[in-house]
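Notes for the one structure printed next.
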Amino acid sequence: DVQLVESGGNLVQPGGSLRLSCTASGFAISDYPMTWVRQAPGKEFEWVSTIRPDPDRSPYYRTSVKGRFTISRDNAKNTLYLQLTNLTTEDTAMYFCAKEPWADTRNRGQGTQVTVSS
């Protein structure tokens, strides 16, 4: 079974940084595209970033986070990361890591809360 456990969410001030982690079990993240999505209160899920298995292929980012967020993975630890910098209140959301297809709830973790507030 796919299991994904996110951590690293916290309350931070605007302009702050966080690193989110997602430890996977039941499959090797190196074999699949891996994605971060987020959901703000009362809003739909929003795709954030995807990293592909081929290390020579660049990750994808939604426009609003490009240049501020960095997705990466440590295959030896079977762990996915999302580095968040220069955070704004618009980034407040529950962040989920997912094995593609991310819309399948079985492919997502329980999430970690990021709150950006002064």
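Chains: A, B, ... in order of the structure tokens. Residues: from 1 per chain. Ligands: from 1, in order shown.
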
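Within the 12 Å cut-off around Leu20 of chain A, using only C-alpha atoms and omitting residues fewer than 6 positions from it on the same chain, the listed residues are Val5, Glu6, Ser7, Gly8, Gly9, Asn10, Trp36, Val37, Phe69, Thr70, Ile71, Ser72, Arg73, Thr79, Leu80, Tyr81, Leu82, Gln83, Leu84, Thr85, Met94, Tyr95, Phe96, Cys97, Gly111, Thr112, Gln113 and Val114 of chain A.
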
Dump as a short mmCIF file (atom, residue, chain, number, x, y, z; two decimals), in the first residue's frame, selection limited to N, CA, C and O atoms:
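Full text of selection31.cif as output:
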data_model
loop_
_atom_site.label_atom_id
_atom_site.label_comp_id
_atom_site.auth_asym_id
_atom_site.auth_seq_id
_atom_site.Cartn_x
_atom_site.Cartn_y
_atom_site.Cartn_z
N VAL A 5 3.74 10.30 4.47
CA VAL A 5 3.62 11.04 5.72
C VAL A 5 4.35 12.36 5.57
O VAL A 5 5.58 12.39 5.46
N GLU A 6 3.58 13.45 5.61
CA GLU A 6 4.16 14.79 5.49
C GLU A 6 4.50 15.35 6.86
O GLU A 6 3.86 15.02 7.86
N SER A 7 5.49 16.23 6.88
CA SER A 7 5.85 16.94 8.10
C SER A 7 6.52 18.25 7.73
O SER A 7 6.86 18.48 6.56
N GLY A 8 6.70 19.10 8.72
CA GLY A 8 7.42 20.35 8.51
C GLY A 8 6.57 21.59 8.45
O GLY A 8 7.11 22.70 8.45
N GLY A 9 5.26 21.44 8.40
CA GLY A 9 4.40 22.61 8.38
C GLY A 9 4.46 23.35 9.71
O GLY A 9 4.75 22.78 10.76
N ASN A 10 4.18 24.67 9.63
CA ASN A 10 4.27 25.48 10.84
C ASN A 10 3.64 26.84 10.58
O ASN A 10 3.22 27.14 9.45
N TRP A 36 3.51 17.84 -5.15
CA TRP A 36 2.95 18.54 -3.99
C TRP A 36 1.71 19.29 -4.46
O TRP A 36 1.74 19.96 -5.50
N VAL A 37 0.65 19.16 -3.69
CA VAL A 37 -0.56 19.94 -3.91
C VAL A 37 -0.92 20.61 -2.59
O VAL A 37 -0.39 20.24 -1.54
N PHE A 69 9.63 28.32 -4.41
CA PHE A 69 9.55 26.94 -3.91
C PHE A 69 10.50 26.06 -4.71
O PHE A 69 10.69 26.27 -5.93
N THR A 70 11.06 25.06 -4.05
CA THR A 70 11.93 24.10 -4.71
C THR A 70 11.56 22.69 -4.28
O THR A 70 11.57 22.38 -3.08
N ILE A 71 11.24 21.86 -5.25
CA ILE A 71 10.93 20.46 -4.98
C ILE A 71 12.20 19.64 -5.18
O ILE A 71 13.01 19.92 -6.07
N SER A 72 12.38 18.64 -4.33
CA SER A 72 13.53 17.76 -4.46
C SER A 72 13.20 16.42 -3.82
O SER A 72 12.16 16.28 -3.17
N ARG A 73 14.08 15.47 -4.02
CA ARG A 73 13.85 14.17 -3.39
C ARG A 73 15.19 13.52 -3.05
O ARG A 73 16.21 13.80 -3.69
N THR A 79 12.27 9.93 0.35
CA THR A 79 11.64 11.12 0.91
C THR A 79 11.61 12.25 -0.11
O THR A 79 12.60 12.50 -0.81
N LEU A 80 10.47 12.91 -0.17
CA LEU A 80 10.25 14.06 -1.04
C LEU A 80 10.27 15.33 -0.19
O LEU A 80 9.82 15.31 0.96
N TYR A 81 10.77 16.41 -0.76
CA TYR A 81 10.86 17.67 -0.03
C TYR A 81 10.22 18.81 -0.83
O TYR A 81 10.13 18.74 -2.06
N LEU A 82 9.83 19.82 -0.10
CA LEU A 82 9.43 21.07 -0.74
C LEU A 82 9.98 22.21 0.12
O LEU A 82 9.57 22.37 1.27
N GLN A 83 10.94 22.93 -0.43
CA GLN A 83 11.50 24.10 0.25
C GLN A 83 10.66 25.31 -0.12
O GLN A 83 10.47 25.60 -1.31
N LEU A 84 10.14 25.99 0.88
CA LEU A 84 9.29 27.15 0.66
C LEU A 84 10.03 28.38 1.18
O LEU A 84 10.46 28.40 2.34
N THR A 85 10.19 29.38 0.36
CA THR A 85 10.84 30.61 0.77
C THR A 85 9.98 31.81 0.40
O THR A 85 9.06 31.70 -0.41
N MET A 94 -3.13 23.62 3.62
CA MET A 94 -2.65 22.29 3.96
C MET A 94 -1.90 21.78 2.74
O MET A 94 -2.43 21.82 1.62
N TYR A 95 -0.69 21.32 2.95
CA TYR A 95 0.15 20.82 1.86
C TYR A 95 0.20 19.30 1.91
O TYR A 95 0.46 18.70 2.97
N PHE A 96 -0.01 18.70 0.75
CA PHE A 96 -0.01 17.25 0.62
C PHE A 96 1.02 16.82 -0.40
O PHE A 96 1.14 17.44 -1.47
N CYS A 97 1.72 15.73 -0.11
CA CYS A 97 2.53 15.13 -1.17
C CYS A 97 1.72 13.98 -1.77
O CYS A 97 0.82 13.44 -1.12
N GLY A 111 -1.31 15.32 4.96
CA GLY A 111 -1.06 16.75 4.85
C GLY A 111 -0.33 17.34 6.05
O GLY A 111 -0.30 16.75 7.13
N THR A 112 0.26 18.50 5.82
CA THR A 112 0.91 19.28 6.87
C THR A 112 0.51 20.74 6.67
O THR A 112 0.51 21.24 5.55
N GLN A 113 0.15 21.40 7.77
CA GLN A 113 -0.42 22.75 7.69
C GLN A 113 0.66 23.81 7.65
O GLN A 113 1.55 23.84 8.52
N VAL A 114 0.57 24.68 6.66
CA VAL A 114 1.43 25.85 6.58
C VAL A 114 0.55 27.09 6.76
O VAL A 114 -0.42 27.28 6.01
#

When DSSP works through the backbone of this structure, what residues of chain A end up as helix (DSSP H, G or I), shown as a PyMOL selection string? chain A and resi 29-31+63-65+89-91+105-107

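Minimum atom-to-atom distances from A:Glu90, A:Asp56, A:Asp74, A:Glu46 to Ala28 of chain A were compared using only C-alpha atoms, and the lowest value belongs to A:Asp74.
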
Contacts of segment 41-45 of chain A at 9 Å or less, counting only C-alpha atoms, minus same-chain residues fewer than 5 places along, as an NGL selection string? :A and (92-94 or 103)

Keeping only C-alpha atoms, write the selected residues to a file as a PDB file, in the first residue's frame.
ATOM      1  CA  THR A  92      -1.442  29.419   3.698  1.00  0.00           C
ATOM      2  CA  ALA A  93      -2.854  25.936   3.100  1.00  0.00           C
ATOM      3  CA  MET A  94      -2.651  22.287   3.959  1.00  0.00           C
ATOM      4  CA  ALA A 103      -6.332  13.242  -7.555  1.00  0.00           C
TER       5      ALA A 103
END

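Between atom CA of Gln13 of chain A and atom CA of Thr50 of chain A lies a distance of 25.7 Å.
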
Skip Arg106 of chain A itself and residues of its chain fewer than 6 positions away, then list as an MDAnalysis selection string all residues within 9 Å of it, counting only C-alpha atoms. chainID A and resid 1:3 98:99

Compile the contact shell of segment 30-33 of chain A as a PDB file with N, CA, C and O atoms, in the first residue's frame: residues with an atom at most 8 Å away, counting only C-alpha atoms, same-chain residues fewer than 5 positions apart removed.
ATOM      1  N   THR A  50       5.687  19.355  -9.433  1.00  0.00           N
ATOM      2  CA  THR A  50       5.913  17.947  -9.756  1.00  0.00           C
ATOM      3  C   THR A  50       7.365  17.734 -10.131  1.00  0.00           C
ATOM      4  O   THR A  50       7.943  18.545 -10.868  1.00  0.00           O
ATOM      5  N   ILE A  51       7.924  16.653  -9.636  1.00  0.00           N
ATOM      6  CA  ILE A  51       9.274  16.253 -10.004  1.00  0.00           C
ATOM      7  C   ILE A  51       9.189  14.895 -10.677  1.00  0.00           C
ATOM      8  O   ILE A  51       8.480  13.996 -10.209  1.00  0.00           O
ATOM      9  N   ARG A  52       9.884  14.766 -11.786  1.00  0.00           N
ATOM     10  CA  ARG A  52       9.798  13.532 -12.552  1.00  0.00           C
ATOM     11  C   ARG A  52      10.931  12.573 -12.173  1.00  0.00           C
ATOM     12  O   ARG A  52      11.936  12.991 -11.587  1.00  0.00           O
ATOM     13  N   PRO A  53      10.764  11.284 -12.513  1.00  0.00           N
ATOM     14  CA  PRO A  53      11.792  10.299 -12.135  1.00  0.00           C
ATOM     15  C   PRO A  53      13.152  10.578 -12.773  1.00  0.00           C
ATOM     16  O   PRO A  53      14.181  10.336 -12.153  1.00  0.00           O
ATOM     17  N   ASN A  75      16.250   9.823  -2.921  1.00  0.00           N
ATOM     18  CA  ASN A  75      15.797   8.454  -3.243  1.00  0.00           C
ATOM     19  C   ASN A  75      16.270   7.451  -2.207  1.00  0.00           C
ATOM     20  O   ASN A  75      15.557   6.488  -1.903  1.00  0.00           O
ATOM     21  N   ASN A  78      13.917   7.687   0.408  1.00  0.00           N
ATOM     22  CA  ASN A  78      12.545   7.592  -0.102  1.00  0.00           C
ATOM     23  C   ASN A  78      11.693   8.759   0.408  1.00  0.00           C
ATOM     24  O   ASN A  78      10.549   8.585   0.856  1.00  0.00           O
ATOM     25  N   LYS A  99       1.729  10.693  -4.900  1.00  0.00           N
ATOM     26  CA  LYS A  99       2.190   9.899  -6.050  1.00  0.00           C
ATOM     27  C   LYS A  99       1.156  10.121  -7.149  1.00  0.00           C
ATOM     28  O   LYS A  99      -0.038  10.155  -6.870  1.00  0.00           O
ATOM     29  N   GLU A 100       1.609  10.281  -8.360  1.00  0.00           N
ATOM     30  CA  GLU A 100       0.661  10.485  -9.444  1.00  0.00           C
ATOM     31  C   GLU A 100      -0.153   9.212  -9.694  1.00  0.00           C
ATOM     32  O   GLU A 100       0.400   8.114  -9.608  1.00  0.00           O
TER      33      GLU A 100
END

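In the backbone-derived DSSP annotation, strand (DSSP E) within segment 68-107 of chain A comprises Phe69, Thr70, Ile71, Ser72, Arg73, Asp74, Thr79, Leu80, Tyr81, Leu82, Gln83, Leu84, Ala93, Met94, Tyr95, Phe96, Cys97, Ala98 and Lys99 of chain A.
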
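Note that the spacing between atom CA of Leu87 of chain A and atom CA of Ser17 of chain A amounts to 6.3 Å.
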
Between A:Thr115, A:Gly67, A:Pro55, A:Arg108, which residue has the minimum interatomic distance to Ala24 of chain A, considering only C-alpha atoms? A:Arg108

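Across the structure, atom CA of Arg62 of chain A and atom CA of Asp104 of chain A are spaced 19.9 Å apart.
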